[in-house]
Amino acid sequence: MDFIYQGRDSRGKKVEGSISSANENAALAMLQQQGITPTGLTEGTQQQSIERQPIRLFSEKIKADELILLTRQLYALTRAGIPIIRALTGLAESSHNQKIKQILTGISDSLVEGSDMASAFRKFPDVFSPIYISMIHIGETTGNLDDALLKLVSHLEMERETKKRVKAALRYPIMVITAMAIALVIITIFVIPNFTGVFSKLGADLPFATQILIAVSDFMQAWWHLLLAGLIAFFTFFSRYSKTGQGALWWDQKKLRIPLVGSIFERIALSRFSRSFAMMMTAGVPILQCLSIVADSVGNRFIGAAVNSMMAGIERGDRLTNTASATGLFTPLVLQMMSVGEETGSIDKLLNDVADFYEEEVDYELKQLADAIEPILLAFMGVLVLILALGVFLPIWQLSSAVR
């Protein structure tokens, strides 16, 4: 039986190809003997695409709170000494979420068939991230599965809190901008045309601001269907392009340059990199494998590409600090902390300090974000009101002056 595989070799490089074995478990064992850590394994032939992904059970992802609860429950059961298959079966029976129930049942069945835990969890890539699977693999091989699960709980909770803070900071400006856009469309399409009939009866020259409003209103009424179709086509194209490899890399790079929020996105990604890297190193994962896994988990492909460049530098024999400096992403203070960690042999502890430093900066910038956006929104609203006032009420004022 032929299998198409994707994975990483002992130096962290991506490898792919095909292998023949009696079954999937034998194929995984052969790859591990060759020093390859598999990230994907699909039954097929040489002519089939090696980029083919395993069949996905669900198109919708499980919520972060549900994944955290599941991981915490697994931690409690393994810490109590309950066998993992029995723990998975019990959680599947007690779960009210059908998706989680099917996932746990699938993992349990794989373990009963003789599969290792990492391979069983790897069958659900939409639910379990590369870091999650790697920590499961480390916990299983070292016999400290409960410690690995506890670290995963802390990691997932920190990710959830960061996302909540960003959403809370952006909620107010998004609501205000959306309300202003809706109001502008209503005024342009429904309000201005009513004034246009009154102005045309005056038979007088209209102010320039009024002429602009009438021209915009006439254009919107005549071509609104084309504008709507153009917006839909643009967002459809952008959504599909941003999901491609090149498009995602381009968009992730542009997100870092968005005024006010770009620096927040960058610090969040760097904090995620530092925390995940420290967690993997503490667990005893080789540095090249750490960088390879973390590069796919920072949440930004542009920064992930920079992490991959760090991996290439370390393969050439450079120090971690030198490769980090070459990316241009880290501040001198952070680089100094990395250098001290390398010299003292406590790079994992120093990286945790780096993550704390970035998280403090994220908290500060999120608090300042509302204060920075409010003046911009007020200025925009003031300009909008001024244009409407000049365009709508100025002719009325002129008419009343002429009558007097």
# chains A, B, ... in the order shown; residues from 1 in each chain; ligands from 1
>>> select_by_dssp(residues="stretch 26-256 of chain A", states="strand (DSSP E or B)", output="list of chain:residue names")
A:Thr37, A:Pro38, A:Thr39, A:Gly40, A:Leu41, A:Thr42, A:Glu43
>>> closest_atom_pairs(of="stretch 132-174 of chain A", to="stretch 105-121 of chain A", cutoff="10 Å", atoms="only C-alpha atoms", output="JSON lines")
{"residue": "A:Tyr132", "atom": "CA", "partner": "A:Phe121", "partner_atom": "CA", "distance": 8.8}
{"residue": "A:Ile133", "atom": "CA", "partner": "A:Ala118", "partner_atom": "CA", "distance": 5.6}
{"residue": "A:Ser134", "atom": "CA", "partner": "A:Ala118", "partner_atom": "CA", "distance": 7.1}
{"residue": "A:Met135", "atom": "CA", "partner": "A:Ala118", "partner_atom": "CA", "distance": 8.6}
{"residue": "A:Ile136", "atom": "CA", "partner": "A:Ala118", "partner_atom": "CA", "distance": 5.9}
{"residue": "A:His137", "atom": "CA", "partner": "A:Ala118", "partner_atom": "CA", "distance": 5.0}
{"residue": "A:Ile138", "atom": "CA", "partner": "A:Ala118", "partner_atom": "CA", "distance": 8.8}
{"residue": "A:Gly139", "atom": "CA", "partner": "A:Ala118", "partner_atom": "CA", "distance": 9.6}
{"residue": "A:Glu140", "atom": "CA", "partner": "A:Met117", "partner_atom": "CA", "distance": 7.2}
{"residue": "A:Thr141", "atom": "CA", "partner": "A:Asp116", "partner_atom": "CA", "distance": 9.6}
>>> write_last_selection(atoms="N, CA, C and O atoms", output="mmCIF file, in the first residue's frame")
data_model
loop_
_atom_site.group_PDB
_atom_site.id
_atom_site.type_symbol
_atom_site.label_atom_id
_atom_site.label_comp_id
_atom_site.auth_asym_id
_atom_site.auth_seq_id
_atom_site.Cartn_x
_atom_site.Cartn_y
_atom_site.Cartn_z
ATOM 1 N N TYR A 132 0.022 22.112 19.433
ATOM 2 C CA TYR A 132 -0.758 21.180 20.257
ATOM 3 C C TYR A 132 -0.291 19.745 20.027
ATOM 4 O O TYR A 132 -0.023 18.998 20.973
ATOM 5 N N ILE A 133 -0.170 19.354 18.760
ATOM 6 C CA ILE A 133 0.238 17.991 18.424
ATOM 7 C C ILE A 133 1.668 17.716 18.893
ATOM 8 O O ILE A 133 1.974 16.635 19.409
ATOM 9 N N SER A 134 2.539 18.691 18.739
ATOM 10 C CA SER A 134 3.932 18.504 19.167
ATOM 11 C C SER A 134 4.033 18.323 20.677
ATOM 12 O O SER A 134 4.802 17.487 21.161
ATOM 13 N N MET A 135 3.255 19.095 21.428
ATOM 14 C CA MET A 135 3.292 18.949 22.881
ATOM 15 C C MET A 135 2.720 17.597 23.310
ATOM 16 O O MET A 135 3.205 16.989 24.273
ATOM 17 N N ILE A 136 1.693 17.125 22.600
ATOM 18 C CA ILE A 136 1.160 15.789 22.889
ATOM 19 C C ILE A 136 2.234 14.735 22.628
ATOM 20 O O ILE A 136 2.433 13.801 23.418
ATOM 21 N N HIS A 137 2.956 14.890 21.521
ATOM 22 C CA HIS A 137 4.022 13.943 21.182
ATOM 23 C C HIS A 137 5.129 13.961 22.236
ATOM 24 O O HIS A 137 5.623 12.908 22.666
ATOM 25 N N ILE A 138 5.502 15.165 22.680
ATOM 26 C CA ILE A 138 6.555 15.278 23.694
ATOM 27 C C ILE A 138 6.101 14.665 25.012
ATOM 28 O O ILE A 138 6.836 13.920 25.671
ATOM 29 N N GLY A 139 4.852 14.963 25.414
ATOM 30 C CA GLY A 139 4.342 14.409 26.664
ATOM 31 C C GLY A 139 4.245 12.898 26.633
ATOM 32 O O GLY A 139 4.510 12.222 27.641
ATOM 33 N N GLU A 140 3.905 12.359 25.466
ATOM 34 C CA GLU A 140 3.778 10.901 25.354
ATOM 35 C C GLU A 140 5.141 10.217 25.393
ATOM 36 O O GLU A 140 5.317 9.190 26.067
ATOM 37 N N THR A 141 6.119 10.782 24.687
ATOM 38 C CA THR A 141 7.436 10.145 24.614
ATOM 39 C C THR A 141 8.217 10.280 25.920
ATOM 40 O O THR A 141 9.029 9.416 26.247
#
>>> atom_distance(atom1="atom CA of A:Gln253", atom2="atom CA of A:Glu16")
27.5 Å
>>> select_by_dssp(residues="stretch 99-263 of chain A", states="alpha helix (DSSP H)", output="MDAnalysis selection string")
chainID A and resid 99:112 117:122 130:142 145:186 192:202 208:241 245:255 262:263
>>> write_last_selection(atoms="C-alpha atoms", output="short mmCIF file (atom, residue, chain, number, x, y, z; two decimals), in the first residue's frame")
data_model
loop_
_atom_site.label_atom_id
_atom_site.label_comp_id
_atom_site.auth_asym_id
_atom_site.auth_seq_id
_atom_site.Cartn_x
_atom_site.Cartn_y
_atom_site.Cartn_z
CA LYS A 99 -18.16 17.41 16.98
CA ILE A 100 -16.03 16.89 20.08
CA LYS A 101 -17.67 13.52 20.66
CA GLN A 102 -16.78 12.32 17.15
CA ILE A 103 -13.22 13.64 17.44
CA LEU A 104 -12.60 11.95 20.78
CA THR A 105 -14.12 8.71 19.47
CA GLY A 106 -11.86 8.86 16.39
CA ILE A 107 -8.76 9.45 18.54
CA SER A 108 -9.72 6.62 20.89
CA ASP A 109 -10.30 4.22 17.99
CA SER A 110 -6.89 5.11 16.52
CA LEU A 111 -5.21 4.40 19.86
CA VAL A 112 -7.00 1.06 20.15
CA MET A 117 -1.25 9.80 20.36
CA ALA A 118 0.42 12.40 18.14
CA SER A 119 -0.66 10.54 14.98
CA ALA A 120 -4.20 10.16 16.34
CA PHE A 121 -4.48 13.88 17.11
CA ARG A 122 -2.85 14.76 13.77
CA PRO A 130 1.00 21.96 15.19
CA ILE A 131 2.05 23.17 18.66
CA TYR A 132 -0.76 21.18 20.26
CA ILE A 133 0.24 17.99 18.42
CA SER A 134 3.93 18.50 19.17
CA MET A 135 3.29 18.95 22.88
CA ILE A 136 1.16 15.79 22.89
CA HIS A 137 4.02 13.94 21.18
CA ILE A 138 6.56 15.28 23.69
CA GLY A 139 4.34 14.41 26.66
CA GLU A 140 3.78 10.90 25.35
CA THR A 141 7.44 10.15 24.61
CA THR A 142 8.71 11.59 27.91
CA LEU A 145 1.62 13.93 29.37
CA ASP A 146 -0.08 15.75 32.25
CA ASP A 147 2.63 18.45 32.30
CA ALA A 148 2.35 18.88 28.53
CA LEU A 149 -1.43 19.24 28.78
CA LEU A 150 -1.08 21.79 31.58
CA LYS A 151 1.27 23.89 29.45
CA LEU A 152 -1.20 23.64 26.58
CA VAL A 153 -4.00 24.89 28.82
CA SER A 154 -1.96 27.95 29.78
CA HIS A 155 -1.00 28.52 26.14
CA LEU A 156 -4.60 28.28 24.89
CA GLU A 157 -5.95 30.52 27.65
CA MET A 158 -3.37 33.19 26.86
CA GLU A 159 -4.28 33.03 23.15
CA ARG A 160 -7.97 33.41 24.01
CA GLU A 161 -7.41 36.41 26.27
CA THR A 162 -5.31 38.16 23.64
CA LYS A 163 -8.02 37.75 21.00
CA LYS A 164 -10.66 39.02 23.43
CA ARG A 165 -8.64 42.15 24.19
CA VAL A 166 -8.16 42.94 20.51
CA LYS A 167 -11.85 42.42 19.73
CA ALA A 168 -12.89 44.60 22.67
CA ALA A 169 -10.57 47.41 21.56
CA LEU A 170 -11.79 47.34 17.95
CA ARG A 171 -15.50 46.91 18.70
CA TYR A 172 -16.26 50.61 19.33
CA PRO A 173 -14.52 52.09 16.26
CA ILE A 174 -15.99 49.41 13.97
CA MET A 175 -19.50 50.13 15.25
CA VAL A 176 -19.07 53.89 14.79
CA ILE A 177 -17.62 53.58 11.28
CA THR A 178 -20.38 51.16 10.26
CA ALA A 179 -23.10 53.48 11.60
CA MET A 180 -21.57 56.46 9.79
CA ALA A 181 -21.35 54.55 6.52
CA ILE A 182 -25.01 53.48 6.77
CA ALA A 183 -26.08 57.04 7.59
CA LEU A 184 -24.11 58.42 4.64
CA VAL A 185 -25.73 55.95 2.24
CA ILE A 186 -29.23 56.76 3.53
CA ILE A 192 -30.72 64.47 -0.90
CA PRO A 193 -33.16 63.60 -3.75
CA ASN A 194 -36.02 65.19 -1.77
CA PHE A 195 -34.04 68.43 -1.46
CA THR A 196 -33.08 68.27 -5.13
CA GLY A 197 -36.70 68.82 -6.19
CA VAL A 198 -36.97 71.87 -3.93
CA PHE A 199 -33.67 73.33 -5.15
CA SER A 200 -34.63 72.90 -8.81
CA LYS A 201 -37.76 75.02 -8.26
CA LEU A 202 -35.71 77.92 -6.91
CA PHE A 208 -20.75 74.38 -4.98
CA ALA A 209 -21.20 72.05 -1.96
CA THR A 210 -24.85 71.51 -2.92
CA GLN A 211 -23.90 70.73 -6.50
CA ILE A 212 -21.43 68.11 -5.28
CA LEU A 213 -24.04 66.45 -3.05
CA ILE A 214 -26.59 66.39 -5.87
CA ALA A 215 -24.03 64.93 -8.31
CA VAL A 216 -23.05 62.21 -5.82
CA SER A 217 -26.72 61.43 -5.12
CA ASP A 218 -27.57 61.19 -8.83
CA PHE A 219 -24.56 58.92 -9.40
CA MET A 220 -25.52 56.65 -6.49
CA GLN A 221 -29.12 56.37 -7.66
CA ALA A 222 -28.13 55.62 -11.26
CA TRP A 223 -25.27 53.20 -10.60
CA TRP A 224 -25.91 51.75 -7.13
CA HIS A 225 -26.38 48.23 -8.56
CA LEU A 226 -22.98 48.38 -10.31
CA LEU A 227 -21.33 49.76 -7.17
CA LEU A 228 -22.86 46.96 -5.08
CA ALA A 229 -21.76 44.34 -7.62
CA GLY A 230 -18.27 45.84 -7.69
CA LEU A 231 -18.00 45.72 -3.88
CA ILE A 232 -19.18 42.12 -3.78
CA ALA A 233 -16.73 41.14 -6.53
CA PHE A 234 -13.88 42.95 -4.78
CA PHE A 235 -14.47 41.31 -1.41
CA THR A 236 -14.94 37.89 -3.05
CA PHE A 237 -11.68 38.23 -4.95
CA PHE A 238 -9.85 39.56 -1.90
CA SER A 239 -11.18 36.75 0.31
CA ARG A 240 -10.06 34.07 -2.14
CA TYR A 241 -6.71 35.69 -2.88
CA GLY A 245 -0.05 31.20 -0.18
CA GLN A 246 1.13 34.34 -1.95
CA GLY A 247 -2.00 36.32 -1.05
CA ALA A 248 -1.84 35.38 2.64
CA LEU A 249 1.82 36.39 2.79
CA TRP A 250 1.05 39.74 1.11
CA TRP A 251 -1.94 40.50 3.34
CA ASP A 252 -0.14 39.52 6.55
CA GLN A 253 2.68 41.89 5.60
CA LYS A 254 0.24 44.73 4.86
CA LYS A 255 -1.59 44.18 8.15
CA GLY A 262 -0.46 47.32 12.69
CA SER A 263 2.02 47.53 15.56
#
>>> residues_around(residues="A:Phe3", least_positions_apart="3", cutoff="6 Å", atoms="only C-alpha atoms", output="number ranges by chain")
A: 18-19, 42-44
>>> atom_distance(atom1="atom CA of A:Ile264", atom2="atom CA of A:Asn322")
24.4 Å
>>> residues_around(residues="A:Asp356", least_positions_apart="5", cutoff="9 Å", atoms="only C-alpha atoms", output="list of chain:residue names")
A:Ser271, A:Arg275, A:Leu351, A:Glu361
>>> write_last_selection(atoms="all heavy atoms", output="PDB file, in the first residue's frame")
ATOM      1  N   SER A 271       4.824  38.102  20.488  1.00  0.00           N
ATOM      2  CA  SER A 271       4.577  37.537  21.815  1.00  0.00           C
ATOM      3  C   SER A 271       4.215  36.061  21.702  1.00  0.00           C
ATOM      4  O   SER A 271       4.697  35.224  22.485  1.00  0.00           O
ATOM      5  CB  SER A 271       3.442  38.303  22.499  1.00  0.00           C
ATOM      6  OG  SER A 271       3.045  37.667  23.692  1.00  0.00           O
ATOM      7  N   ARG A 275       6.488  33.102  23.398  1.00  0.00           N
ATOM      8  CA  ARG A 275       5.893  32.204  24.386  1.00  0.00           C
ATOM      9  C   ARG A 275       5.905  30.761  23.890  1.00  0.00           C
ATOM     10  O   ARG A 275       6.250  29.828  24.636  1.00  0.00           O
ATOM     11  CB  ARG A 275       4.458  32.654  24.674  1.00  0.00           C
ATOM     12  CG  ARG A 275       3.780  31.895  25.795  1.00  0.00           C
ATOM     13  CD  ARG A 275       4.268  32.356  27.147  1.00  0.00           C
ATOM     14  NE  ARG A 275       3.865  33.718  27.426  1.00  0.00           N
ATOM     15  CZ  ARG A 275       4.252  34.405  28.488  1.00  0.00           C
ATOM     16  NH1 ARG A 275       5.072  33.837  29.362  1.00  0.00           N
ATOM     17  NH2 ARG A 275       3.850  35.641  28.685  1.00  0.00           N
ATOM     18  N   LEU A 351      13.054  34.036  27.036  1.00  0.00           N
ATOM     19  CA  LEU A 351      12.008  34.184  26.028  1.00  0.00           C
ATOM     20  C   LEU A 351      10.640  34.384  26.674  1.00  0.00           C
ATOM     21  O   LEU A 351       9.794  35.104  26.138  1.00  0.00           O
ATOM     22  CB  LEU A 351      11.985  32.962  25.110  1.00  0.00           C
ATOM     23  CG  LEU A 351      13.074  32.916  24.040  1.00  0.00           C
ATOM     24  CD1 LEU A 351      13.041  31.580  23.314  1.00  0.00           C
ATOM     25  CD2 LEU A 351      12.909  34.051  23.046  1.00  0.00           C
ATOM     26  N   GLU A 361       3.284  45.586  26.281  1.00  0.00           N
ATOM     27  CA  GLU A 361       3.165  46.600  25.236  1.00  0.00           C
ATOM     28  C   GLU A 361       1.826  46.500  24.514  1.00  0.00           C
ATOM     29  O   GLU A 361       1.222  47.523  24.154  1.00  0.00           O
ATOM     30  CB  GLU A 361       4.306  46.456  24.228  1.00  0.00           C
ATOM     31  CG  GLU A 361       5.653  46.948  24.742  1.00  0.00           C
ATOM     32  CD  GLU A 361       6.625  47.194  23.603  1.00  0.00           C
ATOM     33  OE1 GLU A 361       6.441  46.601  22.522  1.00  0.00           O
ATOM     34  OE2 GLU A 361       7.567  47.981  23.799  1.00  0.00           O
TER      35      GLU A 361
END
>>> closest_residue(among="A:Val392, A:Glu343, A:Arg301, A:Glu93", to="A:Leu320", atoms="only C-alpha atoms")
A:Glu343
>>> residues_around(residues="A:Met337", least_positions_apart="3", cutoff="9 Å", atoms="only C-alpha atoms", output="list in words")
Pro332, Leu333, Val334, Val340, Gly341, Glu342, Ile347, Leu350, Leu351, Asp353 and Val354 of chain A
>>> closest_residue(among="A:Gln368, A:Thr344, A:Thr188, A:Asn308", to="A:Ile293", atoms="only C-alpha atoms")
A:Asn308
